[in-house]
file coords.txt (compact mmCIF, N, CA, C and O atoms)
# COMPACT_ATOMS: atom_id res chain seq x y z
N MET A 24 26.73 -8.75 79.56
CA MET A 24 26.34 -9.46 80.76
C MET A 24 25.03 -8.91 81.31
O MET A 24 24.20 -9.66 81.80
N LEU A 25 24.82 -7.61 81.20
CA LEU A 25 23.58 -7.01 81.65
C LEU A 25 22.39 -7.54 80.85
O LEU A 25 21.31 -7.76 81.40
N TYR A 26 22.60 -7.77 79.55
CA TYR A 26 21.55 -8.32 78.69
C TYR A 26 21.04 -9.65 79.25
O TYR A 26 19.84 -9.86 79.38
N TRP A 27 21.96 -10.56 79.55
CA TRP A 27 21.56 -11.89 80.03
C TRP A 27 20.98 -11.83 81.43
O TRP A 27 20.06 -12.59 81.76
N LEU A 28 21.46 -10.95 82.26
CA LEU A 28 20.93 -10.79 83.61
C LEU A 28 19.48 -10.30 83.55
O LEU A 28 18.60 -10.86 84.23
N LEU A 29 19.22 -9.29 82.75
CA LEU A 29 17.85 -8.79 82.60
C LEU A 29 16.94 -9.85 81.99
O LEU A 29 15.77 -9.97 82.37
N LYS A 30 17.47 -10.62 81.06
CA LYS A 30 16.68 -11.67 80.43
C LYS A 30 16.28 -12.74 81.46
O LYS A 30 15.13 -13.18 81.48
N VAL A 31 17.18 -13.13 82.32
CA VAL A 31 16.88 -14.13 83.36
C VAL A 31 15.85 -13.60 84.35
O VAL A 31 14.97 -14.34 84.80
N ILE A 32 15.92 -12.33 84.67
CA ILE A 32 15.00 -11.74 85.64
C ILE A 32 13.63 -11.48 85.02
O ILE A 32 12.59 -11.77 85.62
N LEU A 33 13.59 -10.95 83.81
CA LEU A 33 12.33 -10.52 83.21
C LEU A 33 11.51 -11.63 82.55
O LEU A 33 10.29 -11.50 82.43
N THR A 34 12.15 -12.72 82.13
CA THR A 34 11.40 -13.78 81.45
C THR A 34 10.33 -14.40 82.35
O THR A 34 9.19 -14.55 81.92
N PRO A 35 10.61 -14.77 83.60
CA PRO A 35 9.54 -15.30 84.45
C PRO A 35 8.43 -14.28 84.72
O PRO A 35 7.25 -14.64 84.79
N VAL A 36 8.79 -13.01 84.82
CA VAL A 36 7.79 -11.95 85.01
C VAL A 36 6.89 -11.87 83.79
O VAL A 36 5.67 -11.72 83.90
N LEU A 37 7.47 -11.98 82.61
CA LEU A 37 6.72 -11.95 81.37
C LEU A 37 5.67 -13.07 81.33
O LEU A 37 4.51 -12.82 81.06
N PHE A 38 6.10 -14.28 81.61
CA PHE A 38 5.18 -15.41 81.54
C PHE A 38 4.14 -15.38 82.67
O PHE A 38 3.04 -15.89 82.50
N ALA A 39 4.47 -14.80 83.79
CA ALA A 39 3.51 -14.70 84.90
C ALA A 39 2.47 -13.61 84.64
O ALA A 39 1.32 -13.75 85.03
N GLY A 40 2.86 -12.55 83.98
CA GLY A 40 1.97 -11.41 83.81
C GLY A 40 1.19 -11.36 82.51
O GLY A 40 0.18 -10.67 82.43
N TYR A 41 1.65 -12.10 81.49
CA TYR A 41 1.00 -12.04 80.18
C TYR A 41 0.74 -13.44 79.67
O TYR A 41 1.47 -14.38 79.98
N ARG A 42 -0.28 -13.57 78.85
CA ARG A 42 -0.57 -14.84 78.20
C ARG A 42 0.18 -14.85 76.87
O ARG A 42 -0.24 -14.24 75.89
N ILE A 43 1.31 -15.54 76.84
CA ILE A 43 2.19 -15.54 75.68
C ILE A 43 1.99 -16.82 74.88
O ILE A 43 1.97 -17.91 75.45
N THR A 44 1.84 -16.68 73.56
CA THR A 44 1.77 -17.82 72.66
C THR A 44 2.93 -17.71 71.68
O THR A 44 3.08 -16.70 71.00
N VAL A 45 3.75 -18.74 71.64
CA VAL A 45 4.92 -18.75 70.77
C VAL A 45 4.73 -19.85 69.74
O VAL A 45 4.48 -20.99 70.08
N GLU A 46 4.85 -19.49 68.47
CA GLU A 46 4.75 -20.46 67.39
C GLU A 46 6.04 -20.46 66.59
O GLU A 46 6.53 -19.40 66.20
N GLY A 47 6.61 -21.62 66.37
CA GLY A 47 7.78 -21.76 65.51
C GLY A 47 9.11 -21.48 66.17
O GLY A 47 10.10 -21.28 65.46
N ARG A 48 9.17 -21.48 67.49
CA ARG A 48 10.46 -21.20 68.15
C ARG A 48 11.50 -22.26 67.79
O ARG A 48 12.67 -21.96 67.68
N ARG A 49 11.05 -23.49 67.58
CA ARG A 49 12.00 -24.58 67.25
C ARG A 49 12.60 -24.42 65.86
O ARG A 49 13.58 -25.08 65.53
N ASN A 50 12.05 -23.54 65.04
CA ASN A 50 12.58 -23.31 63.70
C ASN A 50 13.75 -22.32 63.68
O ASN A 50 14.37 -22.15 62.64
N ILE A 51 14.04 -21.69 64.79
CA ILE A 51 15.16 -20.74 64.88
C ILE A 51 16.44 -21.53 65.12
O ILE A 51 16.55 -22.24 66.11
N PRO A 52 17.44 -21.43 64.23
CA PRO A 52 18.68 -22.18 64.43
C PRO A 52 19.44 -21.70 65.66
O PRO A 52 19.37 -20.53 66.04
N GLN A 53 20.16 -22.61 66.28
CA GLN A 53 20.94 -22.29 67.49
C GLN A 53 22.18 -21.45 67.17
O GLN A 53 22.62 -20.68 68.00
N HIS A 54 22.74 -21.63 65.98
CA HIS A 54 23.97 -20.93 65.61
C HIS A 54 23.82 -20.32 64.23
O HIS A 54 23.00 -20.76 63.42
N GLY A 55 24.64 -19.32 63.96
CA GLY A 55 24.64 -18.68 62.65
C GLY A 55 23.67 -17.52 62.58
O GLY A 55 22.86 -17.30 63.48
N PRO A 56 23.76 -16.76 61.50
CA PRO A 56 22.90 -15.58 61.36
C PRO A 56 21.44 -15.97 61.12
O PRO A 56 21.15 -17.01 60.53
N VAL A 57 20.55 -15.11 61.57
CA VAL A 57 19.12 -15.33 61.39
C VAL A 57 18.42 -13.97 61.39
O VAL A 57 18.88 -13.03 62.03
N ILE A 58 17.35 -13.86 60.62
CA ILE A 58 16.54 -12.65 60.62
C ILE A 58 15.17 -13.02 61.19
O ILE A 58 14.51 -13.91 60.68
N LEU A 59 14.77 -12.33 62.23
CA LEU A 59 13.45 -12.53 62.82
C LEU A 59 12.55 -11.40 62.33
O LEU A 59 12.85 -10.23 62.55
N ALA A 60 11.47 -11.75 61.69
CA ALA A 60 10.53 -10.75 61.19
C ALA A 60 9.27 -10.82 62.04
O ALA A 60 8.54 -11.79 61.99
N MET A 61 9.04 -9.78 62.84
CA MET A 61 7.87 -9.74 63.71
C MET A 61 6.73 -9.04 62.99
O MET A 61 6.95 -8.17 62.15
N ASN A 62 5.51 -9.38 63.34
CA ASN A 62 4.37 -8.75 62.70
C ASN A 62 3.97 -7.45 63.39
O ASN A 62 3.11 -6.74 62.91
N HIS A 63 4.58 -7.11 64.50
CA HIS A 63 4.34 -5.87 65.24
C HIS A 63 2.85 -5.64 65.52
O HIS A 63 2.30 -4.59 65.21
N ARG A 64 2.23 -6.63 66.10
CA ARG A 64 0.84 -6.47 66.50
C ARG A 64 0.74 -5.49 67.67
O ARG A 64 -0.31 -4.96 67.95
N SER A 65 1.87 -5.28 68.34
CA SER A 65 1.90 -4.39 69.48
C SER A 65 3.31 -3.82 69.63
O SER A 65 4.28 -4.41 69.15
N PHE A 66 3.42 -2.71 70.35
CA PHE A 66 4.74 -2.16 70.69
C PHE A 66 5.51 -3.15 71.55
O PHE A 66 6.73 -3.21 71.52
N MET A 67 4.79 -3.95 72.31
CA MET A 67 5.41 -4.89 73.24
C MET A 67 6.15 -6.03 72.53
O MET A 67 6.94 -6.72 73.15
N ASP A 68 5.91 -6.23 71.24
CA ASP A 68 6.64 -7.27 70.49
C ASP A 68 8.14 -7.09 70.62
O ASP A 68 8.87 -8.06 70.78
N SER A 69 8.61 -5.86 70.55
CA SER A 69 10.05 -5.62 70.63
C SER A 69 10.60 -5.89 72.02
O SER A 69 11.80 -6.00 72.20
N ILE A 70 9.74 -6.01 73.01
CA ILE A 70 10.17 -6.37 74.37
C ILE A 70 10.05 -7.88 74.58
O ILE A 70 10.92 -8.51 75.16
N PHE A 71 8.97 -8.47 74.08
CA PHE A 71 8.71 -9.89 74.32
C PHE A 71 9.64 -10.81 73.53
O PHE A 71 10.11 -11.81 74.05
N VAL A 72 9.90 -10.50 72.27
CA VAL A 72 10.69 -11.40 71.42
C VAL A 72 12.09 -11.67 71.98
O VAL A 72 12.50 -12.82 72.06
N PRO A 73 12.85 -10.67 72.40
CA PRO A 73 14.17 -10.99 72.97
C PRO A 73 14.09 -11.85 74.24
O PRO A 73 15.01 -12.60 74.53
N LEU A 74 13.00 -11.76 74.98
CA LEU A 74 12.87 -12.57 76.18
C LEU A 74 12.51 -14.01 75.87
O LEU A 74 12.86 -14.92 76.61
N ILE A 75 11.82 -14.24 74.77
CA ILE A 75 11.37 -15.58 74.42
C ILE A 75 12.42 -16.35 73.63
O ILE A 75 12.62 -17.54 73.84
N VAL A 76 13.14 -15.66 72.74
CA VAL A 76 14.15 -16.30 71.91
C VAL A 76 15.37 -16.62 72.77
O VAL A 76 15.77 -15.81 73.61
N ARG A 77 15.97 -17.78 72.55
CA ARG A 77 17.10 -18.21 73.39
C ARG A 77 18.44 -17.64 72.95
O ARG A 77 19.46 -17.95 73.53
N ARG A 78 18.44 -16.80 71.93
CA ARG A 78 19.66 -16.18 71.43
C ARG A 78 19.64 -14.69 71.76
O ARG A 78 18.63 -14.15 72.12
N ARG A 79 20.77 -14.05 71.59
CA ARG A 79 20.82 -12.60 71.75
C ARG A 79 20.18 -11.95 70.54
O ARG A 79 20.47 -12.31 69.41
N VAL A 80 19.32 -10.97 70.78
CA VAL A 80 18.61 -10.28 69.70
C VAL A 80 19.13 -8.85 69.61
O VAL A 80 19.22 -8.14 70.61
N THR A 81 19.49 -8.43 68.39
CA THR A 81 19.93 -7.06 68.14
C THR A 81 18.99 -6.47 67.10
O THR A 81 18.74 -7.08 66.06
N PHE A 82 18.48 -5.27 67.36
CA PHE A 82 17.55 -4.62 66.46
C PHE A 82 18.30 -3.64 65.56
O PHE A 82 19.22 -2.96 65.99
N VAL A 83 17.87 -3.57 64.31
CA VAL A 83 18.40 -2.61 63.35
C VAL A 83 17.36 -1.50 63.24
O VAL A 83 16.20 -1.75 62.99
N ALA A 84 17.80 -0.26 63.45
CA ALA A 84 16.87 0.87 63.41
C ALA A 84 17.59 2.12 62.92
O ALA A 84 18.82 2.16 62.85
N LYS A 85 16.83 3.14 62.63
CA LYS A 85 17.40 4.40 62.22
C LYS A 85 18.14 5.04 63.40
O LYS A 85 17.80 4.83 64.54
N ALA A 86 19.11 5.85 63.10
CA ALA A 86 19.88 6.53 64.13
C ALA A 86 19.02 7.48 64.95
O ALA A 86 19.29 7.71 66.13
N GLU A 87 17.96 8.02 64.36
CA GLU A 87 17.09 8.96 65.08
C GLU A 87 16.30 8.28 66.19
O GLU A 87 15.81 8.92 67.09
N TYR A 88 16.11 6.96 66.08
CA TYR A 88 15.35 6.25 67.11
C TYR A 88 16.21 5.98 68.30
O TYR A 88 15.83 5.72 69.34

call {"tool": "encode", "arguments": {"input": "coords.txt", "output": "structure tokens"}}
result
Amino acid sequence: MLYWLLKVILTPVLFAGYRITVEGRRNIPQHGPVILAMNHRSFMDSIFVPLIVRRRVTFVAKAEY
């Protein structure tokens, strides 16, 4: 529930504070598994993508991170 609350609060802040360009969002299926591969042009990609995508995003990373 905290995930969706933060998403509702932070998404308008994101669009107000940054110039965001999204390409191909309509290609992401609404249901079922999906892998999103970001190009990591910035550290902020890992913050922006979950706010822009309409699904819940879970990152896979090493335990040390």

call {"tool": "axis_aligned_box", "arguments": {"input": "coords.txt", "around": "region 37-54 of chain A", "padding_each_side": "6 Å", "output": "AutoDock Vina command-line options"}}
result
--center_x 11.7 --center_y -17.9 --center_z 73.8 --size_x 36.5 --size_y 26.4 --size_z 34.4

call {"tool": "residues_around", "arguments": {"input": "coords.txt", "residues": "region 34-44 of chain A", "least_positions_apart": "6", "cutoff": "9 Å", "atoms": "only C-alpha atoms", "output": "PDB file with N, CA, C and O atoms, keeping the file's coordinate frame"}}
result
ATOM      1  N   PHE A  71       8.970  -8.470  74.080  1.00  0.00           N
ATOM      2  CA  PHE A  71       8.710  -9.890  74.320  1.00  0.00           C
ATOM      3  C   PHE A  71       9.640 -10.810  73.530  1.00  0.00           C
ATOM      4  O   PHE A  71      10.110 -11.810  74.050  1.00  0.00           O
ATOM      5  N   LEU A  74      13.000 -11.760  74.980  1.00  0.00           N
ATOM      6  CA  LEU A  74      12.870 -12.570  76.180  1.00  0.00           C
ATOM      7  C   LEU A  74      12.510 -14.010  75.870  1.00  0.00           C
ATOM      8  O   LEU A  74      12.860 -14.920  76.610  1.00  0.00           O
ATOM      9  N   ILE A  75      11.820 -14.240  74.770  1.00  0.00           N
ATOM     10  CA  ILE A  75      11.370 -15.580  74.420  1.00  0.00           C
ATOM     11  C   ILE A  75      12.420 -16.350  73.630  1.00  0.00           C
ATOM     12  O   ILE A  75      12.620 -17.540  73.840  1.00  0.00           O
TER      13      ILE A  75
END

call {"tool": "closest_residue", "arguments": {"input": "coords.txt", "among": "A:Arg77, A:Lys30, A:Lys85, A:Arg64", "to": "Ile51 (chain A)", "atoms": "only N, CA, C and O atoms"}}
result
A:Arg77

call {"tool": "closest_residue", "arguments": {"input": "coords.txt", "among": "A:Pro52, A:Ala86, A:Val31, A:Glu46", "to": "Pro73 (chain A)", "atoms": "only C-alpha atoms"}}
result
A:Val31

call {"tool": "atom_distance", "arguments": {"input": "coords.txt", "atom1": "CA of Met61 (chain A)", "atom2": "CA of Leu25 (chain A)"}}
result
24.0 Å

call {"tool": "atom_distance", "arguments": {"input": "coords.txt", "atom1": "CA of Ile32 (chain A)", "atom2": "CA of Leu59 (chain A)"}}
result
22.9 Å

call {"tool": "closest_residue", "arguments": {"input": "coords.txt", "among": "A:Val45, A:Asn50, A:Pro56, A:Tyr26", "to": "Asp68 (chain A)", "atoms": "only C-alpha atoms"}}
result
A:Val45

call {"tool": "atom_distance", "arguments": {"input": "coords.txt", "atom1": "atom N of Glu87 (chain A)", "atom2": "atom C of His54 (chain A)"}}
result
28.9 Å

call {"tool": "build_atoms", "arguments": {"input": "coords.txt", "residues": "region 41-52 of chain A", "atoms": "all heavy atoms", "output": "compact mmCIF listing (two decimals), in the frame of the given file"}}
result
# COMPACT_ATOMS: atom_id res chain seq x y z
N TYR A 41 1.65 -12.10 81.49
CA TYR A 41 1.00 -12.04 80.18
C TYR A 41 0.74 -13.44 79.67
O TYR A 41 1.47 -14.38 79.98
CB TYR A 41 1.88 -11.30 79.17
CG TYR A 41 2.08 -9.85 79.49
CD1 TYR A 41 3.18 -9.42 80.23
CD2 TYR A 41 1.17 -8.90 79.07
CE1 TYR A 41 3.35 -8.08 80.54
CE2 TYR A 41 1.34 -7.56 79.36
CZ TYR A 41 2.43 -7.16 80.10
OH TYR A 41 2.61 -5.84 80.40
N ARG A 42 -0.28 -13.57 78.85
CA ARG A 42 -0.57 -14.84 78.20
C ARG A 42 0.18 -14.85 76.87
O ARG A 42 -0.24 -14.24 75.89
CB ARG A 42 -2.07 -14.97 77.96
CG ARG A 42 -2.46 -16.35 77.50
CD ARG A 42 -3.94 -16.46 77.28
NE ARG A 42 -4.67 -15.98 78.43
CZ ARG A 42 -5.95 -15.68 78.43
NH1 ARG A 42 -6.66 -15.79 77.32
NH2 ARG A 42 -6.55 -15.25 79.52
N ILE A 43 1.31 -15.54 76.84
CA ILE A 43 2.19 -15.54 75.68
C ILE A 43 1.99 -16.82 74.88
O ILE A 43 1.97 -17.91 75.45
CB ILE A 43 3.67 -15.45 76.11
CG1 ILE A 43 3.91 -14.21 76.95
CG2 ILE A 43 4.60 -15.49 74.92
CD1 ILE A 43 3.66 -12.92 76.23
N THR A 44 1.84 -16.68 73.56
CA THR A 44 1.77 -17.82 72.66
C THR A 44 2.93 -17.71 71.68
O THR A 44 3.08 -16.70 71.00
CB THR A 44 0.45 -17.81 71.86
OG1 THR A 44 -0.64 -17.82 72.78
CG2 THR A 44 0.36 -19.01 70.96
N VAL A 45 3.75 -18.74 71.64
CA VAL A 45 4.92 -18.75 70.77
C VAL A 45 4.73 -19.85 69.74
O VAL A 45 4.48 -20.99 70.08
CB VAL A 45 6.21 -19.01 71.58
CG1 VAL A 45 7.42 -19.03 70.67
CG2 VAL A 45 6.37 -17.99 72.67
N GLU A 46 4.85 -19.49 68.47
CA GLU A 46 4.75 -20.46 67.39
C GLU A 46 6.04 -20.46 66.59
O GLU A 46 6.53 -19.40 66.20
CB GLU A 46 3.59 -20.10 66.45
CG GLU A 46 2.23 -20.16 67.13
CD GLU A 46 1.11 -19.79 66.18
OE1 GLU A 46 1.35 -19.74 64.95
OE2 GLU A 46 0.01 -19.54 66.69
N GLY A 47 6.61 -21.62 66.37
CA GLY A 47 7.78 -21.76 65.51
C GLY A 47 9.11 -21.48 66.17
O GLY A 47 10.10 -21.28 65.46
N ARG A 48 9.17 -21.48 67.49
CA ARG A 48 10.46 -21.20 68.15
C ARG A 48 11.50 -22.26 67.79
O ARG A 48 12.67 -21.96 67.68
CB ARG A 48 10.29 -21.13 69.66
CG ARG A 48 11.58 -20.77 70.35
CD ARG A 48 11.60 -20.72 71.84
NE ARG A 48 10.35 -20.82 72.52
CZ ARG A 48 10.23 -20.75 73.84
NH1 ARG A 48 11.28 -20.55 74.57
NH2 ARG A 48 9.06 -20.86 74.41
N ARG A 49 11.05 -23.49 67.58
CA ARG A 49 12.00 -24.58 67.25
C ARG A 49 12.60 -24.42 65.86
O ARG A 49 13.58 -25.08 65.53
CB ARG A 49 11.32 -25.93 67.39
CG ARG A 49 10.23 -26.17 66.39
CD ARG A 49 9.64 -27.56 66.52
NE ARG A 49 8.61 -27.75 65.53
CZ ARG A 49 7.32 -27.57 65.73
NH1 ARG A 49 6.90 -27.19 66.92
NH2 ARG A 49 6.45 -27.75 64.78
N ASN A 50 12.05 -23.54 65.04
CA ASN A 50 12.58 -23.31 63.70
C ASN A 50 13.75 -22.32 63.68
O ASN A 50 14.37 -22.15 62.64
CB ASN A 50 11.48 -22.78 62.77
CG ASN A 50 10.36 -23.78 62.60
OD1 ASN A 50 10.59 -24.98 62.60
ND2 ASN A 50 9.16 -23.30 62.48
N ILE A 51 14.04 -21.69 64.79
CA ILE A 51 15.16 -20.74 64.88
C ILE A 51 16.44 -21.53 65.12
O ILE A 51 16.55 -22.24 66.11
CB ILE A 51 14.94 -19.72 66.01
CG1 ILE A 51 13.65 -18.94 65.77
CG2 ILE A 51 16.13 -18.77 66.11
CD1 ILE A 51 13.26 -18.05 66.92
N PRO A 52 17.44 -21.43 64.23
CA PRO A 52 18.68 -22.18 64.43
C PRO A 52 19.44 -21.70 65.66
O PRO A 52 19.37 -20.53 66.04
CB PRO A 52 19.48 -21.91 63.15
CG PRO A 52 18.88 -20.70 62.54
CD PRO A 52 17.47 -20.61 63.02
